[in-house]
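Beneath this line is the structure, given in structure tokens, with notes to follow.
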There are 2 protein chains.
Amino acid sequence: MIAGTPPPPYVAVIFSSIRNDGDDGYAAMSEEMGRLAASQPGYLGIESARDSEGFGITASYWTDEHAARAWKGVAEHAVAQRLGRERWYRAYRVRVATVTREYGF
Amino acid sequence: MIAGTPPPPYVAVIFSSIRNDGDDGYAAMSEEMGRLAASQPGYLGIESARDSEGFGITASYWTDEHAARAWKGVAEHAVAQRLGRERWYRAYRVRVATVTREYGF
């Protein structure tokens, strides 16, 4: 579940969101988005956690800014084609960041 | 729950972890770490989600690299003084990243 990313630098897209109540196709969309991300150029990995109160963070990792921007376009298009963000999310914020250091165990 | 961060640039520390089973004082430590973070210089906000399977992401936000590094030292010290990372976490990874863009609704 922890993404096996290469040594930095690379790009992280941090998607923080509050879900609305009810599924409304969200689970299926979420799974499909994971598959869609993994098929994009420059994809390095994805991590996702949502708590029981509906707050979630998804971090996806990309080789560079270009790949991260392309993913943003693909993801927005995919969501727009379906029920739309207002139905699934009460609020969200996306942050695009360049990873400079990493460590762990 | 979504942190109200200022316009970029600023620094994100993305902490991805897999919990061990059982609490072992984790919940109390986690709450205290949140308070501790908020009292540090350069703190901008924190977001945290953990799913029912024990995978979690905590993103903390800092004015600059210096503040993020200082927090790393404080957090490691605080964890080491208590039961230790091996007891609470099966695995974790920390990524330090510079946020360059953000958007949301």
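The chains in the structure tokens are called A, B, ... from first to last as shown; in each chain the residues are counted from 1, and the ligands are counted from 1 in the order shown.
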Problem set entry | Which of chain A fall in strand (DSSP E or B), as a ChimeraX atom specification | /A:10-19,43-50,55-62,89-104
Could you do a least-squares fit of chain B on chain A over every C-alpha atom, in sequence order, and give the output as a compact mmCIF listing (two decimals) with C-alpha atoms, in the first residue's frame?
```
# COMPACT_ATOMS: atom_id res chain seq x y z
CA MET B 1 -0.04 -0.01 -0.02
CA ILE B 2 3.02 2.21 0.43
CA ALA B 3 4.09 3.14 -3.10
CA GLY B 4 7.55 1.96 -4.11
CA THR B 5 8.78 5.22 -5.59
CA PRO B 6 12.30 5.75 -6.99
CA PRO B 7 14.85 8.17 -5.49
CA PRO B 8 13.70 11.83 -5.66
CA PRO B 9 13.12 14.15 -7.37
CA TYR B 10 9.66 13.25 -8.64
CA VAL B 11 6.23 14.85 -8.37
CA ALA B 12 3.44 14.19 -5.84
CA VAL B 13 -0.19 15.13 -6.38
CA ILE B 14 -1.89 15.30 -2.97
CA PHE B 15 -5.68 15.10 -3.25
CA SER B 16 -7.46 15.83 0.06
CA SER B 17 -11.22 15.48 0.08
CA ILE B 18 -14.37 15.25 2.16
CA ARG B 19 -16.92 12.82 0.76
CA ASN B 20 -20.63 13.38 0.64
CA ASP B 21 -22.79 10.69 2.24
CA GLY B 22 -23.81 7.71 0.13
CA ASP B 23 -21.91 5.87 -2.56
CA ASP B 24 -23.57 7.06 -5.80
CA GLY B 25 -21.10 5.03 -7.84
CA TYR B 26 -18.12 6.44 -6.01
CA ALA B 27 -16.45 3.13 -5.11
CA ALA B 28 -16.56 1.90 -8.71
CA MET B 29 -15.26 5.24 -10.00
CA SER B 30 -12.49 5.29 -7.42
CA GLU B 31 -11.30 1.83 -8.40
CA GLU B 32 -11.43 2.72 -12.08
CA MET B 33 -9.45 5.92 -11.45
CA GLY B 34 -6.74 3.85 -9.80
CA ARG B 35 -6.47 1.65 -12.87
CA LEU B 36 -6.59 4.67 -15.16
CA ALA B 37 -3.78 6.39 -13.25
CA ALA B 38 -1.60 3.28 -13.45
CA SER B 39 -1.92 3.26 -17.23
CA GLN B 40 -0.76 6.87 -17.67
CA PRO B 41 2.73 7.86 -18.85
CA GLY B 42 5.02 8.81 -16.00
CA TYR B 43 3.02 7.00 -13.31
CA LEU B 44 5.11 5.94 -10.30
CA GLY B 45 2.49 4.85 -7.77
CA ILE B 46 -0.54 5.80 -5.74
CA GLU B 47 -1.54 5.70 -2.06
CA SER B 48 -5.00 6.29 -0.69
CA ALA B 49 -6.65 6.35 2.74
CA ARG B 50 -10.12 7.46 3.78
CA ASP B 51 -11.35 7.44 7.36
CA SER B 52 -14.77 6.46 8.66
CA GLU B 53 -15.89 10.11 8.72
CA GLY B 54 -15.37 10.57 4.98
CA PHE B 55 -12.08 12.47 5.01
CA GLY B 56 -9.50 11.08 2.63
CA ILE B 57 -6.06 11.70 1.19
CA THR B 58 -4.85 10.22 -2.09
CA ALA B 59 -1.23 10.80 -3.06
CA SER B 60 -0.24 9.90 -6.60
CA TYR B 61 3.37 10.02 -7.73
CA TRP B 62 4.69 10.99 -11.16
CA THR B 63 8.02 11.21 -12.89
CA ASP B 64 7.70 14.94 -13.60
CA GLU B 65 5.41 17.98 -13.77
CA HIS B 66 4.37 17.18 -17.30
CA ALA B 67 3.05 13.74 -16.33
CA ALA B 68 1.30 15.19 -13.24
CA ARG B 69 -0.43 17.87 -15.34
CA ALA B 70 -1.51 15.31 -17.93
CA TRP B 71 -3.00 13.17 -15.16
CA LYS B 72 -4.91 16.18 -13.80
CA GLY B 73 -6.53 16.62 -17.22
CA VAL B 74 -7.38 12.92 -17.59
CA ALA B 75 -8.78 12.68 -14.04
CA GLU B 76 -10.94 15.80 -14.38
CA HIS B 77 -12.28 14.59 -17.69
CA ALA B 78 -13.10 11.16 -16.29
CA VAL B 79 -14.90 12.63 -13.26
CA ALA B 80 -16.80 15.14 -15.41
CA GLN B 81 -18.03 12.35 -17.67
CA ARG B 82 -19.57 10.65 -14.68
CA LEU B 83 -21.63 12.12 -11.87
CA GLY B 84 -19.34 15.03 -11.16
CA ARG B 85 -17.34 16.27 -8.25
CA GLU B 86 -20.19 18.13 -6.54
CA ARG B 87 -22.07 14.88 -6.08
CA TRP B 88 -19.18 12.93 -4.58
CA TYR B 89 -17.25 15.56 -2.71
CA ARG B 90 -18.29 18.18 -0.21
CA ALA B 91 -14.90 19.81 -0.65
CA TYR B 92 -11.47 18.99 -1.97
CA ARG B 93 -8.05 20.46 -2.44
CA VAL B 94 -5.30 19.36 -4.80
CA ARG B 95 -1.67 20.20 -4.16
CA VAL B 96 1.09 19.54 -6.66
CA ALA B 97 4.51 19.21 -5.09
CA THR B 98 8.06 18.25 -5.97
CA VAL B 99 9.42 15.54 -3.68
CA THR B 100 12.99 16.39 -2.72
CA ARG B 101 13.77 13.89 0.05
CA GLU B 102 12.38 10.63 1.33
CA TYR B 103 13.14 8.10 4.03
CA GLY B 104 11.39 5.29 5.83
CA PHE B 105 11.62 1.79 7.15
```
Exercise. Which parts of chain B does DSSP call helix (DSSP H, G or I) when run on the backbone here, written out as a PyMOL selection string?
Worked result: chain B and resi 26-38+65-81+85-88
